[in-house]
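The structure file target00.csv is reproduced below (CSV, C-alpha atoms and all ligand atoms).
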chain,number,residue,atom,x,y,z
K,1,MET,CA,0.0,0.0,0.0
K,2,ASN,CA,1.3,3.5,-0.8
K,3,ASP,CA,1.4,6.2,1.8
K,4,THR,CA,-1.9,7.9,0.9
K,5,VAL,CA,-4.0,8.6,4.0
K,6,ARG,CA,-5.9,5.5,5.1
K,7,THR,CA,-9.5,5.3,6.1
K,8,ALA,CA,-10.6,3.6,9.3
K,9,ILE,CA,-14.1,2.6,10.4
K,10,VAL,CA,-14.8,2.4,14.1
K,11,THR,CA,-18.1,1.0,15.1
K,12,GLY,CA,-19.9,2.1,18.3
K,13,ALA,CA,-17.8,5.2,18.2
K,14,ALA,CA,-20.4,7.7,19.5
K,15,ARG,CA,-19.0,7.3,23.0
K,16,GLY,CA,-16.9,5.2,25.4
K,17,ILE,CA,-14.1,3.0,24.1
K,18,GLY,CA,-15.1,3.5,20.4
K,19,ALA,CA,-14.9,7.3,20.7
K,20,ALA,CA,-11.4,7.0,22.3
K,21,ILE,CA,-10.3,4.7,19.5
K,22,ALA,CA,-11.7,7.0,16.8
K,23,LEU,CA,-9.8,10.0,18.3
K,24,ARG,CA,-6.6,8.0,18.7
K,25,LEU,CA,-6.7,6.7,15.1
K,26,ALA,CA,-7.4,10.2,13.8
K,27,SER,CA,-4.4,11.5,15.7
K,28,ASP,CA,-2.4,8.7,14.2
K,29,GLY,CA,-3.3,10.2,10.8
K,30,PHE,CA,-6.3,8.0,9.7
K,31,ASN,CA,-9.5,9.4,8.2
K,32,VAL,CA,-12.0,8.0,10.6
K,33,ALA,CA,-15.6,7.0,9.9
K,34,VAL,CA,-17.3,7.3,13.2
K,35,LEU,CA,-20.1,4.8,13.0
K,36,ASP,CA,-22.9,4.2,15.5
K,37,LEU,CA,-26.7,3.4,15.6
K,38,ASP,CA,-27.7,7.1,15.4
K,39,GLU,CA,-25.7,9.4,13.1
K,40,LYS,CA,-26.4,12.5,15.2
K,41,ALA,CA,-25.1,10.8,18.3
K,42,CYS,CA,-21.7,10.6,16.6
K,43,SER,CA,-21.3,14.4,16.4
K,44,ASP,CA,-19.4,14.8,19.7
K,45,THR,CA,-16.7,12.4,18.5
K,46,VAL,CA,-16.6,13.9,15.0
K,47,ASP,CA,-16.3,17.4,16.4
K,48,SER,CA,-13.5,16.4,18.8
K,49,ILE,CA,-11.6,15.0,15.8
K,50,HIS,CA,-12.2,18.1,13.7
K,51,GLN,CA,-11.0,20.3,16.6
K,52,ALA,CA,-7.8,18.3,16.7
K,53,ARG,CA,-7.5,18.9,12.9
K,54,GLY,CA,-8.3,15.4,12.1
K,55,SER,CA,-10.6,14.0,9.4
K,56,ALA,CA,-13.9,12.3,10.3
K,57,ILE,CA,-17.5,11.7,9.2
K,58,ALA,CA,-20.5,10.4,11.1
K,59,VAL,CA,-22.3,7.3,9.8
K,60,GLY,CA,-25.5,5.9,11.2
K,61,VAL,CA,-25.5,2.1,10.9
K,62,ASP,CA,-27.0,-0.8,12.8
K,63,VAL,CA,-24.1,-3.3,12.6
K,64,ALA,CA,-26.5,-6.2,13.2
K,65,ASP,CA,-28.5,-5.3,10.1
K,66,GLU,CA,-27.2,-6.6,6.8
K,67,HIS,CA,-28.8,-3.9,4.6
K,68,SER,CA,-27.8,-1.1,6.9
K,69,VAL,CA,-24.2,-2.3,7.0
K,70,SER,CA,-23.9,-2.6,3.2
K,71,ILE,CA,-25.3,0.9,2.6
K,72,GLY,CA,-23.0,2.4,5.3
K,73,ILE,CA,-19.9,0.8,4.0
K,74,GLU,CA,-20.7,1.8,0.4
K,75,ARG,CA,-21.2,5.4,1.5
K,76,ILE,CA,-17.9,5.5,3.4
K,77,ALA,CA,-16.0,4.0,0.4
K,78,SER,CA,-17.6,6.3,-2.1
K,79,GLU,CA,-17.7,9.6,-0.1
K,80,PHE,CA,-14.8,9.4,2.3
K,81,GLY,CA,-12.1,6.8,1.4
K,82,THR,CA,-11.3,3.2,0.9
K,83,PRO,CA,-11.8,1.5,4.3
K,84,THR,CA,-8.7,-0.5,5.1
K,85,VAL,CA,-9.0,-0.4,8.9
K,86,LEU,CA,-12.0,-1.8,10.7
K,87,VAL,CA,-12.5,-1.7,14.5
K,88,ASN,CA,-15.5,-3.9,15.5
K,89,ASN,CA,-16.2,-2.2,18.8
K,90,ALA,CA,-20.0,-1.8,18.9
K,91,GLY,CA,-21.5,-3.7,21.8
K,92,ILE,CA,-24.4,-4.1,24.2
K,93,THR,CA,-25.1,-6.1,27.4
K,94,ARG,CA,-28.3,-7.7,28.3
K,95,ASP,CA,-27.2,-9.5,31.5
K,96,ASN,CA,-29.2,-12.0,33.4
K,97,LEU,CA,-28.8,-15.4,35.0
K,98,LEU,CA,-29.5,-18.3,32.6
K,99,PHE,CA,-32.9,-19.2,34.0
K,100,LYS,CA,-34.1,-15.6,33.5
K,101,MET,CA,-32.4,-14.9,30.2
K,102,THR,CA,-34.9,-14.3,27.4
K,103,VAL,CA,-34.3,-15.5,23.8
K,104,GLU,CA,-34.5,-11.8,22.7
K,105,ASP,CA,-31.6,-10.9,25.1
K,106,TRP,CA,-29.6,-13.8,23.8
K,107,ASP,CA,-30.2,-13.0,20.2
K,108,SER,CA,-29.6,-9.2,20.5
K,109,VAL,CA,-26.2,-9.6,22.2
K,110,LEU,CA,-25.1,-12.3,19.8
K,111,GLY,CA,-26.5,-10.1,17.0
K,112,VAL,CA,-24.5,-7.0,17.7
K,113,HIS,CA,-21.2,-8.6,18.7
K,114,LEU,CA,-21.0,-11.6,16.5
K,115,ARG,CA,-23.3,-11.0,13.5
K,116,GLY,CA,-22.3,-7.4,13.6
K,117,SER,CA,-18.6,-8.1,13.5
K,118,PHE,CA,-19.2,-10.7,10.7
K,119,LEU,CA,-21.2,-8.3,8.6
K,120,MET,CA,-18.8,-5.5,8.9
K,121,ALA,CA,-15.7,-7.6,8.3
K,122,ARG,CA,-17.4,-9.3,5.2
K,123,GLY,CA,-18.3,-5.8,4.0
K,124,VAL,CA,-14.9,-4.3,4.1
K,125,GLN,CA,-12.7,-7.2,3.2
K,126,LYS,CA,-12.9,-6.6,-0.5
K,127,TYR,CA,-11.5,-3.1,-0.1
K,128,MET,CA,-8.6,-4.5,2.0
K,129,VAL,CA,-7.9,-7.4,-0.3
K,130,HIS,CA,-7.9,-5.0,-3.3
K,131,ALA,CA,-5.5,-2.6,-1.5
K,132,GLY,CA,-3.3,-5.5,-0.4
K,133,TRP,CA,-3.3,-4.1,3.1
K,134,GLY,CA,-5.8,-4.1,6.0
K,135,ARG,CA,-6.2,-4.2,9.7
K,136,ILE,CA,-9.2,-5.6,11.6
K,137,VAL,CA,-9.4,-5.2,15.3
K,138,ASN,CA,-12.2,-6.9,17.2
K,139,LEU,CA,-13.3,-6.0,20.7
K,140,SER,CA,-13.6,-9.0,23.0
K,141,SER,CA,-13.7,-9.0,26.8
K,142,ILE,CA,-12.3,-10.8,29.8
K,143,SER,CA,-15.9,-12.1,30.1
K,144,ALA,CA,-15.1,-14.5,27.2
K,145,LEU,CA,-13.5,-16.6,30.0
K,146,GLY,CA,-16.8,-16.7,31.8
K,147,TYR,CA,-18.7,-14.2,33.9
K,148,ARG,CA,-21.8,-14.7,36.1
K,149,GLY,CA,-25.0,-13.2,34.5
K,150,GLN,CA,-23.4,-12.9,31.1
K,151,ALA,CA,-24.0,-16.2,29.3
K,152,ASN,CA,-25.0,-14.4,26.1
K,153,TYR,CA,-22.1,-11.8,26.3
K,154,SER,CA,-19.5,-14.4,27.3
K,155,ALA,CA,-20.5,-16.7,24.4
K,156,ALA,CA,-20.4,-13.8,22.0
K,157,LYS,CA,-17.0,-12.6,23.1
K,158,ALA,CA,-15.6,-16.2,23.1
K,159,GLY,CA,-17.0,-16.4,19.6
K,160,VAL,CA,-15.1,-13.2,18.7
K,161,HIS,CA,-11.8,-15.1,19.5
K,162,GLY,CA,-12.5,-17.9,17.0
K,163,PHE,CA,-13.7,-15.4,14.5
K,164,THR,CA,-10.5,-13.4,14.9
K,165,LYS,CA,-8.2,-16.4,14.5
K,166,THR,CA,-10.1,-17.7,11.4
K,167,LEU,CA,-10.1,-14.3,9.6
K,168,ALA,CA,-6.3,-14.0,10.4
K,169,ILE,CA,-5.8,-17.3,8.6
K,170,GLU,CA,-8.0,-16.5,5.6
K,171,LEU,CA,-6.9,-12.9,5.1
K,172,GLY,CA,-3.2,-13.0,6.0
K,173,LYS,CA,-2.0,-13.6,2.4
K,174,PHE,CA,-3.7,-10.4,1.3
K,175,GLY,CA,-1.7,-8.3,3.8
K,176,VAL,CA,-4.6,-8.1,6.2
K,177,THR,CA,-4.0,-8.7,9.9
K,178,VAL,CA,-6.9,-9.5,12.4
K,179,ASN,CA,-6.5,-9.3,16.1
K,180,ALA,CA,-8.7,-8.9,19.2
K,181,ILE,CA,-8.4,-6.8,22.3
K,182,SER,CA,-10.0,-8.2,25.5
K,183,PRO,CA,-10.5,-5.4,27.9
K,184,GLY,CA,-11.0,-5.8,31.6
K,185,PHE,CA,-13.0,-3.2,33.6
K,186,ILE,CA,-13.1,0.0,31.6
K,187,GLU,CA,-14.9,3.1,32.9
K,188,THR,CA,-17.7,3.8,30.4
K,189,ASP,CA,-21.5,4.0,30.2
K,190,MET,CA,-21.5,0.2,29.9
K,191,THR,CA,-19.9,-0.4,33.3
K,192,ALA,CA,-21.9,2.4,34.8
K,193,ALA,CA,-25.1,0.7,33.6
K,194,THR,CA,-23.9,-2.6,35.2
K,195,ALA,CA,-23.4,-0.8,38.5
K,196,GLU,CA,-26.9,0.7,38.3
K,197,ARG,CA,-28.4,-2.7,37.5
K,198,LEU,CA,-26.7,-4.2,40.6
K,199,GLY,CA,-27.8,-1.3,42.7
K,200,ILE,CA,-24.2,-0.3,43.6
K,201,PRO,CA,-23.0,3.4,43.4
K,202,PHE,CA,-20.6,3.6,40.4
K,203,GLU,CA,-17.7,5.0,42.5
K,204,ARG,CA,-17.9,2.0,44.9
K,205,PHE,CA,-18.3,-0.4,42.0
K,206,LYS,CA,-15.1,1.1,40.5
K,207,SER,CA,-13.1,1.0,43.7
K,208,ASP,CA,-14.2,-2.6,44.4
K,209,ALA,CA,-13.1,-3.5,40.9
K,210,ALA,CA,-9.8,-1.6,41.2
K,211,SER,CA,-9.0,-3.5,44.4
K,212,GLN,CA,-9.0,-6.8,42.5
K,213,ILE,CA,-6.9,-5.5,39.6
K,214,PRO,CA,-3.1,-5.9,40.0
K,215,VAL,CA,-2.3,-2.3,38.7
K,216,ASN,CA,-4.8,-1.1,41.3
K,217,ARG,CA,-7.0,1.0,39.0
K,218,VAL,CA,-9.8,0.5,36.6
K,219,GLY,CA,-9.1,1.0,32.9
K,220,GLN,CA,-9.9,4.1,30.8
K,221,PRO,CA,-11.0,4.1,27.1
K,222,GLU,CA,-7.6,5.5,26.2
K,223,ASP,CA,-5.9,2.3,27.5
K,224,ILE,CA,-7.8,0.3,24.9
K,225,ALA,CA,-7.3,3.0,22.2
K,226,HIS,CA,-3.6,2.6,22.7
K,227,MET,CA,-3.7,-1.1,21.9
K,228,ALA,CA,-6.0,-0.5,18.9
K,229,SER,CA,-3.5,2.1,17.6
K,230,PHE,CA,-0.7,-0.6,17.8
K,231,PHE,CA,-2.7,-3.2,15.9
K,232,ALA,CA,-3.8,-0.7,13.2
K,233,GLY,CA,-0.3,0.5,12.7
K,234,GLU,CA,2.1,-0.3,9.8
K,235,GLN,CA,4.6,-1.9,12.1
K,236,ALA,CA,2.2,-4.5,13.5
K,237,GLY,CA,2.1,-6.4,10.2
K,238,PHE,CA,3.6,-9.6,11.6
K,239,VAL,CA,1.1,-9.8,14.5
K,240,SER,CA,-2.1,-11.6,13.6
K,241,GLY,CA,-4.7,-13.8,15.1
K,242,GLN,CA,-3.9,-12.7,18.6
K,243,VAL,CA,-6.1,-11.9,21.6
K,244,VAL,CA,-4.5,-9.4,23.9
K,245,TYR,CA,-5.9,-8.9,27.4
K,246,VAL,CA,-5.8,-5.2,28.4
K,247,SER,CA,-7.0,-5.7,31.9
K,248,GLY,CA,-4.3,-4.4,34.3
K,249,GLY,CA,-3.2,-7.9,35.1
K,250,PRO,CA,-2.7,-11.4,33.7
K,251,PHE,CA,-6.3,-12.5,33.6
K,252,ALA,CA,-6.1,-14.8,30.6
K,301,LIG,P1,-20.7,1.7,25.5
K,301,LIG,O1,-22.1,1.1,25.8
K,301,LIG,O2,-20.3,2.9,26.2
K,301,LIG,O3,-20.7,2.1,23.9
K,301,LIG,C1,-21.1,1.1,23.0
K,301,LIG,C2,-21.5,1.8,21.7
K,301,LIG,O4,-21.9,0.8,20.8
K,301,LIG,C3,-22.7,2.8,21.9
K,301,LIG,O5,-22.4,4.1,21.4
K,301,LIG,C4,-23.8,2.1,21.2
K,301,LIG,O6,-24.8,3.0,20.6
K,301,LIG,C5,-23.1,1.4,20.1
K,301,LIG,N1,-23.9,0.3,19.6
K,301,LIG,C6,-24.6,-0.6,20.2
K,301,LIG,N2,-25.3,-1.4,19.4
K,301,LIG,C7,-25.0,-1.0,18.1
K,301,LIG,C8,-25.3,-1.4,16.8
K,301,LIG,N3,-26.2,-2.5,16.7
K,301,LIG,N4,-24.8,-0.8,15.8
K,301,LIG,C9,-24.0,0.2,15.9
K,301,LIG,N5,-23.6,0.7,17.1
K,301,LIG,C10,-24.1,0.1,18.2
K,301,LIG,O7,-19.7,0.5,25.6
K,301,LIG,P2,-18.1,0.5,25.8
K,301,LIG,O8,-17.9,0.2,27.3
K,301,LIG,O9,-17.5,1.7,25.2
K,301,LIG,O10,-17.8,-0.9,25.1
K,301,LIG,C11,-17.2,-0.9,23.8
K,301,LIG,C12,-16.8,-2.3,23.4
K,301,LIG,O11,-15.9,-2.8,24.4
K,301,LIG,C13,-18.0,-3.3,23.4
K,301,LIG,O12,-17.8,-4.3,22.4
K,301,LIG,C14,-17.8,-4.0,24.8
K,301,LIG,O13,-18.4,-5.2,24.8
K,301,LIG,C15,-16.3,-4.0,25.0
K,301,LIG,N6,-15.9,-4.1,26.3
K,301,LIG,C16,-16.1,-3.1,27.3
K,301,LIG,C17,-15.7,-3.3,28.6
K,301,LIG,C18,-15.9,-2.2,29.6
K,301,LIG,O14,-15.5,-2.5,30.8
K,301,LIG,N7,-16.5,-1.1,29.4
K,301,LIG,C19,-14.9,-4.4,29.0
K,301,LIG,C20,-14.7,-5.4,27.9
K,301,LIG,C21,-15.2,-5.2,26.7

For this file, write the structure as structure tokens.
Ligand code: NAI
Amino acid sequence: MNDTVRTAIVTGAARGIGAAIALRLASDGFNVAVLDLDEKACSDTVDSIHQARGSAIAVGVDVADEHSVSIGIERIASEFGTPTVLVNNAGITRDNLLFKMTVEDWDSVLGVHLRGSFLMARGVQKYMVHAGWGRIVNLSSISALGYRGQANYSAAKAGVHGFTKTLAIELGKFGVTVNAISPGFIETDMTAATAERLGIPFERFKSDAASQIPVNRVGQPEDIAHMASFFAGEQAGFVSGQVVYVSGGPFA
């Protein structure tokens, strides 16, 4: 690939970890398509990138919807630039113990994380293969190893590991690397919602979590953005099919 500016798509980038990854990739010099369910909700991230003199557009897409994904990717490719970096970050939780988990909650979590990552990766791979260069980064979680109340989410994230390794095998010969980041506790709306569901004040929830983490703090979205930046970079071309735990300790 020559040194023209590359275009990255970050899903679920209206807030939280996705927003931090979008900002970081923009500061690394990528054009960034800030993709989330609601295009208007992406404006804070896009504005922050513009203020830092980066290049970004907002794109409204439901990653679990095949038609929405194909229209969104086509729009990015025709109006903004050939997408050669994809960060599959969009995610939801619908936690419950198995006996109370509904089929809807199972399907919606598997739908966003697994079907969504599949649809996005399938949609962009042709641009990467044509360019002879690409980077796919999938967001997993330490919950892939098992977490009470998260049978749907754990299954989806463990699925992301197999998906990552298989794409790495299939796409490597085209210059495309595929890796996964498994974050531990990161301070975002998602963990705030978990605290609320459990009826624990967020500050206490965070300090309880920090006390169990070897580096003695919870993670910030920028901790994950740093790893995404590494995987998306030119020099990471010999790292593929890996799952890196970014969790403040050796929980893997
Ligand atoms: P968040 O809830 O703050 O943000 C998730 C974003 O994804 C939201 O902007 C939401 O609108 C978007 N989204 C949800 N469904 C979507 C869909 N169908 N199509 C497009 N966008 C959609 O979550 P957070 O914490 O930033 O998490 C980001 C990723 O990191 C997720 O994949 C999550 O599972 C993973 N993760 C988060 C951890 C944490 O402690 N916060 C720990 C481990 C993994």

Tell me, as a ChimeraX atom specification, which residues lie within 9 Å of Ala228 in chain K, counting all atoms listed in the file; anything in the same chain fewer than 3 positions away does not count.
/K:21,24-25,87,137,180-181,224-225,231-233

Would you put the residues from that selection into a file with C-alpha atoms, as a PDB file, in the coordinates of the input?
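Generated file (again_20.pdb):
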ATOM      1  CA  ILE K  21     -10.300   4.700  19.500  1.00  0.00           C
ATOM      2  CA  ARG K  24      -6.600   8.000  18.700  1.00  0.00           C
ATOM      3  CA  LEU K  25      -6.700   6.700  15.100  1.00  0.00           C
ATOM      4  CA  VAL K  87     -12.500  -1.700  14.500  1.00  0.00           C
ATOM      5  CA  VAL K 137      -9.400  -5.200  15.300  1.00  0.00           C
ATOM      6  CA  ALA K 180      -8.700  -8.900  19.200  1.00  0.00           C
ATOM      7  CA  ILE K 181      -8.400  -6.800  22.300  1.00  0.00           C
ATOM      8  CA  ILE K 224      -7.800   0.300  24.900  1.00  0.00           C
ATOM      9  CA  ALA K 225      -7.300   3.000  22.200  1.00  0.00           C
ATOM     10  CA  PHE K 231      -2.700  -3.200  15.900  1.00  0.00           C
ATOM     11  CA  ALA K 232      -3.800  -0.700  13.200  1.00  0.00           C
ATOM     12  CA  GLY K 233      -0.300   0.500  12.700  1.00  0.00           C
TER      13      GLY K 233
END

Judged by only C-alpha atoms, the minimum distance to Ala58 in chain K among K:Val32, K:Ala156, K:Ile136, K:Met190 is found for K:Val32

List as a PyMOL selection string the protein and nucleic acid residues near range 146-155 of chain K, meaning an atom at most 7 Å away when all atoms listed in the file are counted, but skip any in the same chain fewer than 6 places from it.
chain K and resi 93+95-98+106+109-110

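For Ser207 in chain K, the residues within 10 Å (counting only C-alpha atoms, excluding itself and residues fewer than 6 positions away along the chain) are K:Ile213, K:Asn216, K:Arg217, K:Val218.
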
Write the selection just made, keeping C-alpha atoms, as a PDB file, in the frame of the given file?
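Output file again_38.pdb is given in full below:
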ATOM      1  CA  ILE K 213      -6.900  -5.500  39.600  1.00  0.00           C
ATOM      2  CA  ASN K 216      -4.800  -1.100  41.300  1.00  0.00           C
ATOM      3  CA  ARG K 217      -7.000   1.000  39.000  1.00  0.00           C
ATOM      4  CA  VAL K 218      -9.800   0.500  36.600  1.00  0.00           C
TER       5      VAL K 218
END

Need the shell around Glu79 in chain K: protein/DNA/RNA residues with any atom at most 12 Å away, counting all atoms listed in the file. Skip same-chain ones fewer than 2 positions apart. Format as an mmCIF file with C-alpha atoms, keeping the file's coordinate frame?
data_model
loop_
_atom_site.group_PDB
_atom_site.id
_atom_site.type_symbol
_atom_site.label_atom_id
_atom_site.label_comp_id
_atom_site.auth_asym_id
_atom_site.auth_seq_id
_atom_site.Cartn_x
_atom_site.Cartn_y
_atom_site.Cartn_z
ATOM 1 C CA THR K 7 -9.500 5.300 6.100
ATOM 2 C CA ASN K 31 -9.500 9.400 8.200
ATOM 3 C CA ALA K 33 -15.600 7.000 9.900
ATOM 4 C CA ALA K 56 -13.900 12.300 10.300
ATOM 5 C CA ILE K 57 -17.500 11.700 9.200
ATOM 6 C CA ALA K 58 -20.500 10.400 11.100
ATOM 7 C CA VAL K 59 -22.300 7.300 9.800
ATOM 8 C CA ILE K 71 -25.300 0.900 2.600
ATOM 9 C CA GLY K 72 -23.000 2.400 5.300
ATOM 10 C CA ILE K 73 -19.900 0.800 4.000
ATOM 11 C CA GLU K 74 -20.700 1.800 0.400
ATOM 12 C CA ARG K 75 -21.200 5.400 1.500
ATOM 13 C CA ILE K 76 -17.900 5.500 3.400
ATOM 14 C CA ALA K 77 -16.000 4.000 0.400
ATOM 15 C CA GLY K 81 -12.100 6.800 1.400
ATOM 16 C CA THR K 82 -11.300 3.200 0.900
ATOM 17 C CA PRO K 83 -11.800 1.500 4.300
#

Distance limit 6 Å, reference ligand LIG 301 (chain K), atoms considered: only C-alpha atoms and all ligand atoms. Which residues make the cut? Give them as a ChimeraX atom specification.
/K:11-18,36-37,61-64,89-92,112,139-141,182-191

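From CA of Val243 in chain K back to CA of Leu198 in chain K, the distance works out to 29.1 Å.
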
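With CA of Asp208 in chain K on one side and CA of Ala193 in chain K on the other, the separation reads 15.7 Å.
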
Can you list, as a ChimeraX atom specification, every protein, DNA or RNA residue that comes within 10 Å of range 235-238 of chain K when you count all atoms listed in the file, leaving out same-chain residues fewer than 6 positions away?
/K:133-135,172,175-178,229

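Minimum atom-to-atom distance to Leu171 in chain K, evaluated using all atoms listed in the file, belongs to K:Arg122 out of K:Ser48, K:Ala19, K:Ala209, K:Arg122.
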
Could you tell me how far CA of Phe251 in chain K sits from CA of Ala195 in chain K, in Å to one decimal place?
21.3 Å

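Residue nearest Glu234 in chain K, chosen from K:Val215, K:Val85, K:Ala192, K:Val46 and counting all atoms listed in the file: K:Val85.
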
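Compared by their closest atoms to Val160 in chain K, and using only C-alpha atoms, the residues K:Phe30, K:Phe205, K:Phe230, K:Phe118 rank with K:Phe118 nearest.
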
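Residue nearest Gly162 in chain K within the list K:Gly241, K:Gly29, K:Gly60, K:Pro250: K:Gly241 [criterion: smallest interatomic distance, all atoms listed in the file].
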